[in-house]
file entry-v4.cif (mmCIF, C-alpha atoms (C1' of nucleotides))
data_upload
#
loop_
_atom_site.label_atom_id
_atom_site.label_comp_id
_atom_site.auth_asym_id
_atom_site.auth_seq_id
_atom_site.Cartn_x
_atom_site.Cartn_y
_atom_site.Cartn_z
CA MET S 7 9.55 1.13 35.67
CA SER S 8 12.26 -0.78 33.77
CA LYS S 9 11.45 -3.59 31.35
CA PRO S 10 13.23 -6.79 32.37
CA ALA S 11 12.11 -8.65 29.27
CA THR S 12 14.74 -10.79 27.63
CA PRO S 13 15.35 -8.71 24.49
CA ILE S 14 15.70 -5.02 25.23
CA PRO S 15 15.22 -3.08 22.02
CA SER S 16 16.33 0.48 22.04
CA GLU S 17 13.46 2.87 22.63
CA LEU S 18 13.71 3.98 19.05
CA LEU S 19 13.09 0.42 17.88
CA LYS S 20 9.67 0.40 19.48
CA LEU S 21 6.63 0.73 17.31
CA ASP S 22 5.08 3.35 19.54
CA ASN S 23 7.92 5.79 19.15
CA GLN S 24 8.02 5.74 15.40
CA LEU S 25 6.50 8.22 13.02
CA CYS S 26 6.25 5.91 10.06
CA PHE S 27 4.04 3.21 11.52
CA PRO S 28 1.10 5.45 12.49
CA LEU S 29 1.46 7.12 9.11
CA TYR S 30 1.32 3.76 7.36
CA ALA S 31 -1.57 2.51 9.48
CA VAL S 32 -3.61 5.70 9.33
CA SER S 33 -3.15 5.85 5.59
CA ARG S 34 -4.58 2.35 5.22
CA LEU S 35 -7.42 3.15 7.61
CA PHE S 36 -8.28 6.22 5.56
CA THR S 37 -8.39 4.19 2.39
CA LYS S 38 -10.62 1.74 4.21
CA ALA S 39 -12.88 4.59 5.27
CA TYR S 40 -13.24 5.59 1.61
CA GLN S 41 -13.98 2.06 0.53
CA PRO S 42 -17.74 1.85 1.21
CA LEU S 43 -18.24 5.22 -0.48
CA LEU S 44 -16.11 4.32 -3.47
CA GLN S 45 -17.64 0.90 -3.79
CA GLU S 46 -20.90 2.53 -4.86
CA LEU S 47 -19.00 4.02 -7.78
CA ASP S 48 -17.08 0.76 -8.28
CA LEU S 49 -13.79 2.60 -7.88
CA THR S 50 -10.62 1.88 -5.95
CA TYR S 51 -8.93 4.71 -4.10
CA PRO S 52 -6.10 5.13 -6.65
CA GLN S 53 -8.66 5.14 -9.45
CA TYR S 54 -10.58 7.83 -7.57
CA LEU S 55 -7.41 9.90 -7.35
CA VAL S 56 -6.94 9.65 -11.11
CA LEU S 57 -10.49 10.85 -11.63
CA LEU S 58 -10.01 13.73 -9.19
CA LEU S 59 -7.20 14.95 -11.42
CA LEU S 60 -9.08 14.39 -14.65
CA TRP S 61 -12.09 16.28 -13.34
CA GLU S 62 -9.77 19.26 -12.99
CA HIS S 63 -7.79 18.61 -16.17
CA PRO S 64 -9.73 16.45 -18.66
CA GLU S 65 -6.55 15.55 -20.51
CA LEU S 66 -3.33 14.49 -18.87
CA THR S 67 -0.42 12.38 -19.99
CA VAL S 68 0.55 9.32 -17.99
CA LYS S 69 3.70 11.19 -17.05
CA ALA S 70 1.70 14.13 -15.67
CA LEU S 71 -0.56 11.82 -13.69
CA GLY S 72 2.49 10.04 -12.35
CA GLU S 73 4.11 13.28 -11.28
CA LYS S 74 1.01 14.49 -9.50
CA LEU S 75 0.27 11.19 -7.78
CA LEU S 76 3.88 10.12 -7.31
CA LEU S 77 3.19 6.85 -9.06
CA ASP S 78 5.17 5.28 -11.87
CA SER S 79 4.06 3.63 -15.08
CA GLY S 80 4.29 0.17 -13.55
CA THR S 81 1.40 1.17 -11.34
CA LEU S 82 -0.47 3.51 -13.65
CA THR S 83 -0.42 1.58 -16.91
CA PRO S 84 -2.45 -1.41 -15.71
CA LEU S 85 -4.69 0.80 -13.58
CA LEU S 86 -5.47 3.06 -16.53
CA LYS S 87 -6.06 0.05 -18.78
CA ARG S 88 -8.66 -1.22 -16.33
CA MET S 89 -10.27 2.22 -16.29
CA GLU S 90 -10.22 2.26 -20.09
CA GLN S 91 -11.93 -1.12 -20.24
CA ARG S 92 -14.71 0.32 -18.12
CA GLN S 93 -14.81 3.34 -20.44
CA LEU S 94 -14.04 5.78 -17.65
CA VAL S 95 -11.07 7.15 -19.59
CA SER S 96 -9.57 6.80 -23.03
CA ARG S 97 -5.92 6.32 -23.91
CA ARG S 98 -4.19 7.47 -27.07
CA ARG S 99 -0.70 8.33 -28.17
CA ASP S 100 0.17 11.99 -28.52
CA PRO S 101 0.58 12.44 -32.30
CA ARG S 102 3.19 15.14 -31.67
CA ASP S 103 5.23 12.85 -29.42
CA GLU S 104 4.46 9.23 -29.92
CA ARG S 105 6.19 8.33 -26.68
CA SER S 106 3.48 10.01 -24.61
CA VAL S 107 0.09 8.54 -23.84
CA ILE S 108 -2.70 11.03 -23.31
CA ILE S 109 -5.42 10.05 -20.87
CA THR S 110 -8.77 11.68 -21.56
CA LEU S 111 -11.82 11.74 -19.36
CA ALA S 112 -14.54 9.67 -21.04
CA PRO S 113 -18.28 10.40 -20.63
CA ALA S 114 -18.74 7.66 -18.04
CA GLY S 115 -15.84 9.07 -16.03
CA GLN S 116 -17.24 12.57 -16.34
CA ALA S 117 -20.62 11.31 -15.19
CA LEU S 118 -19.15 9.99 -11.96
CA GLN S 119 -18.14 13.45 -10.85
CA HIS S 120 -21.46 14.56 -9.48
CA ARG S 121 -21.97 11.21 -7.77
CA ALA S 122 -18.59 11.70 -6.09
CA GLU S 123 -19.28 15.15 -4.82
CA CYS S 124 -20.57 14.00 -1.46
CA ILE S 125 -17.51 11.86 -0.72
CA PRO S 126 -15.14 14.43 0.79
CA GLU S 127 -17.74 15.69 3.23
CA ALA S 128 -18.87 12.18 4.13
CA LEU S 129 -15.31 11.25 4.90
CA LEU S 130 -14.70 14.39 6.87
CA ALA S 131 -17.69 13.50 9.00
CA LYS S 132 -16.20 10.08 9.72
CA LEU S 133 -13.00 11.61 11.03
CA GLN S 134 -14.43 13.74 13.80
CA LEU S 135 -11.60 16.21 13.38
CA SER S 136 -11.95 19.87 14.24
CA PRO S 137 -11.25 22.21 11.30
CA ASP S 138 -8.17 23.36 13.17
CA GLU S 139 -6.79 19.89 13.57
CA PHE S 140 -7.66 19.07 10.00
CA ASN S 141 -5.84 22.07 8.60
CA GLN S 142 -2.85 21.67 10.85
CA LEU S 143 -2.43 18.01 9.95
CA ARG S 144 -2.95 18.71 6.28
CA SER S 145 -0.40 21.50 6.18
CA GLN S 146 2.16 19.43 8.05
CA LEU S 147 1.68 16.52 5.69
CA THR S 148 1.78 18.60 2.53
CA ARG S 149 4.93 20.26 3.79
CA LEU S 150 6.49 16.85 4.44
CA LEU S 151 5.30 15.80 1.01
CA THR S 152 7.01 18.63 -0.86
CA GLN S 153 10.06 18.14 1.32
CA LEU S 154 10.36 14.43 0.54
CA SER S 155 9.46 14.51 -3.13
CA MET F 21 -9.37 34.60 -9.31
CA SER F 22 -12.05 32.22 -10.60
CA LYS F 23 -11.25 29.12 -12.64
CA PRO F 24 -13.08 29.16 -15.94
CA ALA F 25 -11.95 25.66 -16.89
CA THR F 26 -14.60 23.50 -18.49
CA PRO F 27 -15.18 21.08 -15.59
CA ILE F 28 -15.47 22.88 -12.28
CA PRO F 29 -15.00 20.37 -9.51
CA SER F 30 -16.03 21.48 -6.09
CA GLU F 31 -13.10 22.71 -4.07
CA LEU F 32 -13.36 19.64 -1.91
CA LEU F 33 -12.84 17.43 -4.94
CA LYS F 34 -9.40 18.88 -5.50
CA LEU F 35 -6.38 16.85 -4.58
CA ASP F 36 -4.77 19.77 -2.81
CA ASN F 37 -7.56 20.19 -0.33
CA GLN F 38 -7.70 16.61 0.78
CA LEU F 39 -6.17 15.09 3.84
CA CYS F 40 -6.01 11.56 2.55
CA PHE F 41 -3.82 12.06 -0.49
CA PRO F 42 -0.84 13.61 1.30
CA LEU F 43 -1.21 10.91 3.92
CA TYR F 44 -1.16 8.22 1.27
CA ALA F 45 1.73 9.79 -0.61
CA VAL F 46 3.84 10.60 2.44
CA SER F 47 3.33 7.09 3.74
CA ARG F 48 4.69 5.64 0.51
CA LEU F 49 7.59 8.10 0.49
CA PHE F 50 8.46 7.09 4.03
CA THR F 51 8.49 3.44 3.08
CA LYS F 52 10.70 4.36 0.17
CA ALA F 53 13.03 6.21 2.51
CA TYR F 54 13.35 3.04 4.59
CA GLN F 55 14.01 0.90 1.56
CA PRO F 56 17.78 1.40 1.10
CA LEU F 57 18.32 0.83 4.82
CA LEU F 58 16.13 -2.25 4.92
CA GLN F 59 17.59 -3.64 1.74
CA GLU F 60 20.86 -4.23 3.57
CA LEU F 61 18.95 -6.51 5.90
CA ASP F 62 16.96 -7.96 2.99
CA LEU F 63 13.70 -6.91 4.65
CA THR F 64 10.56 -5.22 3.42
CA TYR F 65 8.94 -2.57 5.56
CA PRO F 66 6.08 -4.81 6.78
CA GLN F 67 8.59 -7.53 7.62
CA TYR F 68 10.60 -4.97 9.57
CA LEU F 69 7.47 -4.05 11.52
CA VAL F 70 6.93 -7.69 12.45
CA LEU F 71 10.51 -7.89 13.70
CA LEU F 72 10.13 -4.68 15.71
CA LEU F 73 7.30 -6.37 17.58
CA LEU F 74 9.12 -9.67 18.01
CA TRP F 75 12.19 -7.90 19.37
CA GLU F 76 9.94 -6.62 22.13
CA HIS F 77 7.88 -9.80 22.53
CA PRO F 78 9.76 -12.85 21.20
CA GLU F 79 6.53 -14.84 20.96
CA LEU F 80 3.31 -13.52 19.49
CA THR F 81 0.33 -15.17 17.87
CA VAL F 82 -0.67 -14.20 14.35
CA LYS F 83 -3.75 -12.65 15.88
CA ALA F 84 -1.68 -10.49 18.23
CA LEU F 85 0.56 -9.36 15.39
CA GLY F 86 -2.50 -8.56 13.34
CA GLU F 87 -4.04 -6.50 16.12
CA LYS F 88 -0.89 -4.52 16.67
CA LEU F 89 -0.18 -3.91 12.99
CA LEU F 90 -3.81 -3.70 11.89
CA LEU F 91 -3.21 -6.38 9.30
CA ASP F 92 -5.28 -9.50 8.71
CA SER F 93 -4.22 -13.08 8.10
CA GLY F 94 -4.52 -12.68 4.36
CA THR F 95 -1.57 -10.33 4.56
CA LEU F 96 0.32 -11.85 7.47
CA THR F 97 0.18 -15.54 6.64
CA PRO F 98 2.16 -15.36 3.39
CA LEU F 99 4.48 -12.70 4.80
CA LEU F 100 5.27 -14.86 7.84
CA LYS F 101 5.76 -17.92 5.67
CA ARG F 102 8.38 -16.04 3.69
CA MET F 103 10.06 -14.98 6.91
CA GLU F 104 9.94 -18.57 8.13
CA GLN F 105 11.59 -19.81 4.93
CA ARG F 106 14.43 -17.40 5.61
CA GLN F 107 14.55 -18.69 9.20
CA LEU F 108 13.88 -15.27 10.67
CA VAL F 109 10.90 -16.63 12.62
CA SER F 110 9.35 -19.98 13.35
CA ARG F 111 5.67 -20.89 13.21
CA ARG F 112 3.91 -23.51 15.31
CA ARG F 113 0.40 -24.19 16.52
CA ASP F 114 -0.36 -23.42 20.13
CA PRO F 115 -0.82 -26.87 21.71
CA ARG F 116 -3.36 -25.40 24.13
CA ASP F 117 -5.40 -23.88 21.30
CA GLU F 118 -4.74 -25.47 17.98
CA ARG F 119 -6.45 -22.60 16.18
CA SER F 120 -3.66 -20.20 17.12
CA VAL F 121 -0.30 -20.00 15.42
CA ILE F 122 2.55 -18.78 17.57
CA ILE F 123 5.29 -16.84 15.84
CA THR F 124 8.66 -17.04 17.56
CA LEU F 125 11.75 -15.00 16.90
CA ALA F 126 14.40 -17.30 15.42
CA PRO F 127 18.16 -16.75 15.93
CA ALA F 128 18.59 -15.15 12.52
CA GLY F 129 15.76 -12.75 13.29
CA GLN F 130 17.22 -11.99 16.69
CA ALA F 131 20.59 -11.36 15.09
CA LEU F 132 19.15 -8.66 12.86
CA GLN F 133 18.23 -6.52 15.83
CA HIS F 134 21.58 -4.94 16.41
CA ARG F 135 22.04 -4.36 12.69
CA ALA F 136 18.70 -2.53 12.70
CA GLU F 137 19.49 -0.28 15.59
CA CYS F 138 20.79 2.53 13.44
CA ILE F 139 17.72 2.65 11.22
CA PRO F 140 15.40 4.94 13.22
CA GLU F 141 18.07 7.59 13.63
CA ALA F 142 19.14 7.33 10.01
CA LEU F 143 15.58 7.86 8.93
CA LEU F 144 15.06 10.72 11.32
CA ALA F 145 18.05 12.41 9.77
CA LYS F 146 16.52 12.07 6.31
CA LEU F 147 13.36 13.85 7.40
CA GLN F 148 14.86 17.12 8.55
CA LEU F 149 12.08 17.53 11.08
CA SER F 150 12.52 19.46 14.30
CA PRO F 151 11.83 17.41 17.46
CA ASP F 152 8.80 19.61 17.99
CA GLU F 153 7.36 18.94 14.59
CA PHE F 154 8.17 15.25 14.89
CA ASN F 155 6.37 14.87 18.20
CA GLN F 156 3.42 16.97 17.16
CA LEU F 157 2.91 15.01 13.98
CA ARG F 158 3.41 11.70 15.76
CA SER F 159 0.89 12.52 18.48
CA GLN F 160 -1.67 13.72 15.96
CA LEU F 161 -1.29 10.57 13.92
CA THR F 162 -1.39 8.21 16.87
CA ARG F 163 -4.50 9.96 18.11
CA LEU F 164 -6.12 9.58 14.71
CA LEU F 165 -4.99 5.97 14.74
CA THR F 166 -6.69 5.10 18.02
CA GLN F 167 -9.69 7.08 16.91
CA LEU F 168 -10.07 5.22 13.65
CA SER F 169 -9.22 1.73 14.82
"C1'" DT J 29 -23.59 -34.40 26.16
"C1'" DG J 30 -24.70 -32.95 21.58
"C1'" DC J 31 -25.60 -28.64 18.73
"C1'" DT J 32 -24.74 -24.27 17.42
"C1'" DA J 33 -21.95 -20.11 17.31
"C1'" DT J 34 -17.58 -18.02 17.48
"C1'" DT J 35 -12.75 -17.75 16.88
"C1'" DT J 36 -8.41 -18.32 14.33
"C1'" DG J 37 -5.90 -19.01 10.34
"C1'" DA J 38 -5.56 -20.45 5.56
"C1'" DT J 39 -6.83 -19.82 0.83
"C1'" DT J 40 -8.24 -17.47 -3.37
"C1'" DG J 41 -8.64 -13.68 -6.29
"C1'" DT J 42 -8.04 -8.76 -7.44
"C1'" DG J 43 -5.59 -4.61 -7.37
"C1'" DC J 44 -2.08 -1.80 -6.25
"C1'" DA J 45 3.20 -0.50 -5.55
"C1'" DC J 46 7.59 -0.67 -7.21
"C1'" DA J 47 12.22 -2.42 -8.86
"C1'" DA J 48 14.27 -3.91 -12.99
"C1'" DT J 49 14.35 -4.36 -17.69
"C1'" DG J 50 12.94 -3.62 -22.47
"C1'" DT J 51 11.55 -0.74 -26.52
"C1'" DA J 52 10.33 2.79 -29.50
"C1'" DA J 53 10.46 7.71 -30.15
"C1'" DT J 54 12.78 11.85 -29.57
"C1'" DG J 55 16.92 14.88 -28.39
"C1'" DT J 56 21.63 15.93 -28.71
"C1'" DT J 57 26.20 16.20 -30.13
"C1'" DG J 58 30.18 16.14 -32.78
"C1'" DC T 28 23.35 13.48 -40.39
"C1'" DA T 29 24.87 9.44 -37.84
"C1'" DA T 30 25.84 7.80 -33.21
"C1'" DC T 31 24.59 8.09 -28.71
"C1'" DA T 32 21.82 9.49 -24.78
"C1'" DT T 33 17.45 10.44 -22.89
"C1'" DT T 34 12.54 10.13 -22.40
"C1'" DA T 35 7.96 7.91 -21.91
"C1'" DC T 36 5.72 3.82 -21.44
"C1'" DA T 37 5.18 -1.18 -21.27
"C1'" DT T 38 6.33 -5.54 -19.25
"C1'" DT T 39 7.73 -8.81 -15.74
"C1'" DG T 40 8.16 -10.41 -11.26
"C1'" DT T 41 7.70 -9.92 -6.21
"C1'" DG T 42 5.33 -8.51 -2.25
"C1'" DC T 43 1.93 -6.49 0.12
"C1'" DA T 44 -3.32 -5.31 1.25
"C1'" DC T 45 -7.74 -6.82 1.68
"C1'" DA T 46 -12.43 -8.83 0.61
"C1'" DA T 47 -14.60 -13.17 0.52
"C1'" DT T 48 -14.80 -17.82 1.51
"C1'" DC T 49 -13.49 -21.98 3.87
"C1'" DA T 50 -12.09 -25.29 7.52
"C1'" DA T 51 -10.80 -26.68 11.93
"C1'" DA T 52 -10.84 -25.91 16.79
"C1'" DT T 53 -12.97 -24.17 20.70
"C1'" DA T 54 -16.64 -22.10 23.50
"C1'" DG T 55 -21.30 -21.78 25.05
"C1'" DC T 56 -25.51 -23.52 25.96
"C1'" DA T 57 -30.03 -26.16 25.96
#

call {"tool": "encode", "arguments": {"input": "entry-v4.cif", "output": "structure tokens"}}
result
Amino acid sequence: MSKPATPIPSELLKLDNQLCFPLYAVSRLFTKAYQPLLQELDLTYPQYLVLLLLWEHPELTVKALGEKLLLDSGTLTPLLKRMEQRQLVSRRRDPRDERSVIITLAPAGQALQHRAECIPEALLAKLQLSPDEFNQLRSQLTRLLTQLS
Amino acid sequence: MSKPATPIPSELLKLDNQLCFPLYAVSRLFTKAYQPLLQELDLTYPQYLVLLLLWEHPELTVKALGEKLLLDSGTLTPLLKRMEQRQLVSRRRDPRDERSVIITLAPAGQALQHRAECIPEALLAKLQLSPDEFNQLRSQLTRLLTQLS
DNA sequence: TGCTATTTGATTGTGCACAATGTAATGTTG
DNA sequence: CAACATTACATTGTGCACAATCAAATAGCA
């Protein structure tokens, strides 16, 4: 059962034994699974995440969005500008602290909410996961998330 | 315990109840955890993945790499060209099928292997995961991976 | 054999992701 | 209150990621 191939990488250097690769690949596959659903709303997955937050909290600073999504201004600024151009959100400086930029849900962004309501269930159906598996995986990942961030 | 906020998104439209967001965020945090280790080898995470495969199989077509990593030529071609410029790999057409491009591990790429050997363990240490948790999470993710791909 | 379909990469264009740097506003400290 | 540090974003540059399109090579078939 040995592998006589010329280069013998340690077992740990094999793709199959890593945790990160399946994480990386599954994450991209998930985003791809969202894509046809989000395309109908003309949204990318990160834009959808921003809207998820704004549907809960119609006003958030860039900093708050960044903290919740773990994204920095180099990612969020251009993304939010694109969303502003499409009038999904509006951007204005906080008059009480001119350093902050407040992102507000615009009517068009608000209007997308009810069209997005079917997305989580549609995605869940694609996954074919039992509720048990779903919850177990979710709790493990959220625990890892708080642990790493 | 109700939420009287103005917009009331369905529970499923909340970030906290989703599976995809923690997946997406943890995946990026993992890549970030690799970054300081990979920086010493001047590699990005996707480049490291390509090398992991070439250390096992010193010759692979672009197609084979793409199938294993779930990446298409639009991602791999420029990535492999950068790696070729740095003489980590070499690229040549398969004489028996001129459509295929064979990627071969070059000496400099081979030489990185032993410098990379410490990476998996170093990363494992960062995670603070018990072997049980590690294996459980890995098996769940790999199962999802085969299921989705 | 010639014609069509498929396969394999390459190219183009858009949108993240993030490191590094810059800048204006705000805090803080002596 | 002036000097300095910190904060919140913006900008720049690099590298994925992927959809869409293209071109060349090969396979399959009438």

call {"tool": "closest_atom_pairs", "arguments": {"input": "entry-v4.cif", "of": "chain F", "to": "chain S", "cutoff": "7 Å", "atoms": "only C-alpha atoms", "output": "JSON lines"}}
result
{"residue": "F:Pro27", "atom": "CA", "partner": "S:Trp61", "partner_atom": "CA", "distance": 6.1}
{"residue": "F:Ile28", "atom": "CA", "partner": "S:Glu62", "partner_atom": "CA", "distance": 6.8}
{"residue": "F:Pro29", "atom": "CA", "partner": "S:Trp61", "partner_atom": "CA", "distance": 6.3}
{"residue": "F:Leu32", "atom": "CA", "partner": "S:Pro126", "partner_atom": "CA", "distance": 6.1}
{"residue": "F:Leu33", "atom": "CA", "partner": "S:Leu58", "partner_atom": "CA", "distance": 6.3}
{"residue": "F:Lys34", "atom": "CA", "partner": "S:Leu58", "partner_atom": "CA", "distance": 6.4}
{"residue": "F:Leu35", "atom": "CA", "partner": "S:Leu58", "partner_atom": "CA", "distance": 6.6}
{"residue": "F:Leu39", "atom": "CA", "partner": "S:Arg144", "partner_atom": "CA", "distance": 5.4}
{"residue": "F:Cys40", "atom": "CA", "partner": "S:Phe36", "partner_atom": "CA", "distance": 6.5}
{"residue": "F:Pro42", "atom": "CA", "partner": "S:Thr148", "partner_atom": "CA", "distance": 5.8}
{"residue": "F:Leu43", "atom": "CA", "partner": "S:Ser33", "partner_atom": "CA", "distance": 5.7}
{"residue": "F:Tyr44", "atom": "CA", "partner": "S:Ser33", "partner_atom": "CA", "distance": 5.3}
{"residue": "F:Val46", "atom": "CA", "partner": "S:Leu151", "partner_atom": "CA", "distance": 5.6}
{"residue": "F:Ser47", "atom": "CA", "partner": "S:Tyr30", "partner_atom": "CA", "distance": 5.3}
{"residue": "F:Leu49", "atom": "CA", "partner": "S:Leu154", "partner_atom": "CA", "distance": 6.9}
{"residue": "F:Phe50", "atom": "CA", "partner": "S:Cys26", "partner_atom": "CA", "distance": 6.5}
{"residue": "F:Leu72", "atom": "CA", "partner": "S:Leu19", "partner_atom": "CA", "distance": 6.3}
{"residue": "F:Trp75", "atom": "CA", "partner": "S:Pro13", "partner_atom": "CA", "distance": 6.1}
{"residue": "F:Glu76", "atom": "CA", "partner": "S:Pro13", "partner_atom": "CA", "distance": 6.3}
{"residue": "F:Glu137", "atom": "CA", "partner": "S:Leu19", "partner_atom": "CA", "distance": 6.8}
{"residue": "F:Pro140", "atom": "CA", "partner": "S:Leu18", "partner_atom": "CA", "distance": 6.1}
{"residue": "F:Arg158", "atom": "CA", "partner": "S:Leu25", "partner_atom": "CA", "distance": 5.4}
{"residue": "F:Leu161", "atom": "CA", "partner": "S:Pro28", "partner_atom": "CA", "distance": 5.8}
{"residue": "F:Thr162", "atom": "CA", "partner": "S:Pro28", "partner_atom": "CA", "distance": 5.7}
{"residue": "F:Leu165", "atom": "CA", "partner": "S:Val32", "partner_atom": "CA", "distance": 5.6}
{"residue": "F:Leu168", "atom": "CA", "partner": "S:Leu35", "partner_atom": "CA", "distance": 6.9}

call {"tool": "atom_distance", "arguments": {"input": "entry-v4.cif", "atom1": "atom CA of Val68 of chain S", "atom2": "atom CA of Val107 of chain S"}}
result
5.9 Å

call {"tool": "interface_residues", "arguments": {"input": "entry-v4.cif", "of": "chain S", "to": "chain J", "cutoff": "9 Å", "atoms": "only C-alpha atoms (C1' of nucleotides)", "output": "list in words"}}
result
Thr50, Pro52, Leu77, Asp78, Gly80, Thr81, Leu85, Asp103, Glu104 and Arg105 of chain S

call {"tool": "resolve_selection", "arguments": {"input": "entry-v4.cif", "expression": "the PyMOL selection byres ((chain T) within 10 of (chain F))", "output": "ChimeraX atom specification"}}
result
/T:42-46,51-53

call {"tool": "atom_distance", "arguments": {"input": "entry-v4.cif", "atom1": "atom CA of Tyr68 of chain F", "atom2": "atom CA of Pro151 of chain F"}}
result
23.8 Å

call {"tool": "atom_distance", "arguments": {"input": "entry-v4.cif", "atom1": "atom CA of Leu49 of chain S", "atom2": "atom C1' of DA47 of chain T"}}
result
17.9 Å

call {"tool": "build_atoms", "arguments": {"input": "entry-v4.cif", "residues": "segment 25-36 of chain S", "atoms": "N, CA, C and O atoms", "output": "mmCIF file, in the frame of the given file"}}
result
data_model
loop_
_atom_site.group_PDB
_atom_site.id
_atom_site.type_symbol
_atom_site.label_atom_id
_atom_site.label_comp_id
_atom_site.auth_asym_id
_atom_site.auth_seq_id
_atom_site.Cartn_x
_atom_site.Cartn_y
_atom_site.Cartn_z
ATOM 1 N N LEU S 25 7.412 7.352 13.759
ATOM 2 C CA LEU S 25 6.500 8.220 13.020
ATOM 3 C C LEU S 25 5.888 7.449 11.863
ATOM 4 O O LEU S 25 4.736 7.653 11.499
ATOM 5 N N CYS S 26 6.683 6.549 11.306
ATOM 6 C CA CYS S 26 6.250 5.910 10.060
ATOM 7 C C CYS S 26 5.089 4.956 10.272
ATOM 8 O O CYS S 26 4.174 4.918 9.452
ATOM 9 N N PHE S 27 5.106 4.191 11.354
ATOM 10 C CA PHE S 27 4.040 3.210 11.520
ATOM 11 C C PHE S 27 2.654 3.847 11.605
ATOM 12 O O PHE S 27 1.748 3.436 10.864
ATOM 13 N N PRO S 28 2.439 4.839 12.472
ATOM 14 C CA PRO S 28 1.100 5.450 12.490
ATOM 15 C C PRO S 28 0.723 6.048 11.137
ATOM 16 O O PRO S 28 -0.439 6.015 10.726
ATOM 17 N N LEU S 29 1.709 6.576 10.432
ATOM 18 C CA LEU S 29 1.460 7.120 9.110
ATOM 19 C C LEU S 29 0.947 6.026 8.175
ATOM 20 O O LEU S 29 -0.071 6.183 7.481
ATOM 21 N N TYR S 30 1.653 4.906 8.188
ATOM 22 C CA TYR S 30 1.320 3.760 7.360
ATOM 23 C C TYR S 30 -0.054 3.206 7.726
ATOM 24 O O TYR S 30 -0.906 2.955 6.868
ATOM 25 N N ALA S 31 -0.302 3.093 9.035
ATOM 26 C CA ALA S 31 -1.570 2.510 9.480
ATOM 27 C C ALA S 31 -2.733 3.461 9.226
ATOM 28 O O ALA S 31 -3.792 3.045 8.754
ATOM 29 N N VAL S 32 -2.531 4.740 9.535
ATOM 30 C CA VAL S 32 -3.610 5.700 9.330
ATOM 31 C C VAL S 32 -3.937 5.815 7.845
ATOM 32 O O VAL S 32 -5.107 5.907 7.459
ATOM 33 N N SER S 33 -2.911 5.770 7.022
ATOM 34 C CA SER S 33 -3.150 5.850 5.590
ATOM 35 C C SER S 33 -4.034 4.694 5.125
ATOM 36 O O SER S 33 -4.987 4.891 4.360
ATOM 37 N N ARG S 34 -3.751 3.493 5.604
ATOM 38 C CA ARG S 34 -4.580 2.350 5.220
ATOM 39 C C ARG S 34 -5.990 2.477 5.797
ATOM 40 O O ARG S 34 -6.969 2.120 5.143
ATOM 41 N N LEU S 35 -6.089 2.987 7.017
ATOM 42 C CA LEU S 35 -7.420 3.150 7.610
ATOM 43 C C LEU S 35 -8.247 4.178 6.846
ATOM 44 O O LEU S 35 -9.458 4.032 6.690
ATOM 45 N N PHE S 36 -7.579 5.231 6.374
ATOM 46 C CA PHE S 36 -8.280 6.220 5.560
ATOM 47 C C PHE S 36 -8.810 5.582 4.291
ATOM 48 O O PHE S 36 -9.966 5.763 3.932
#
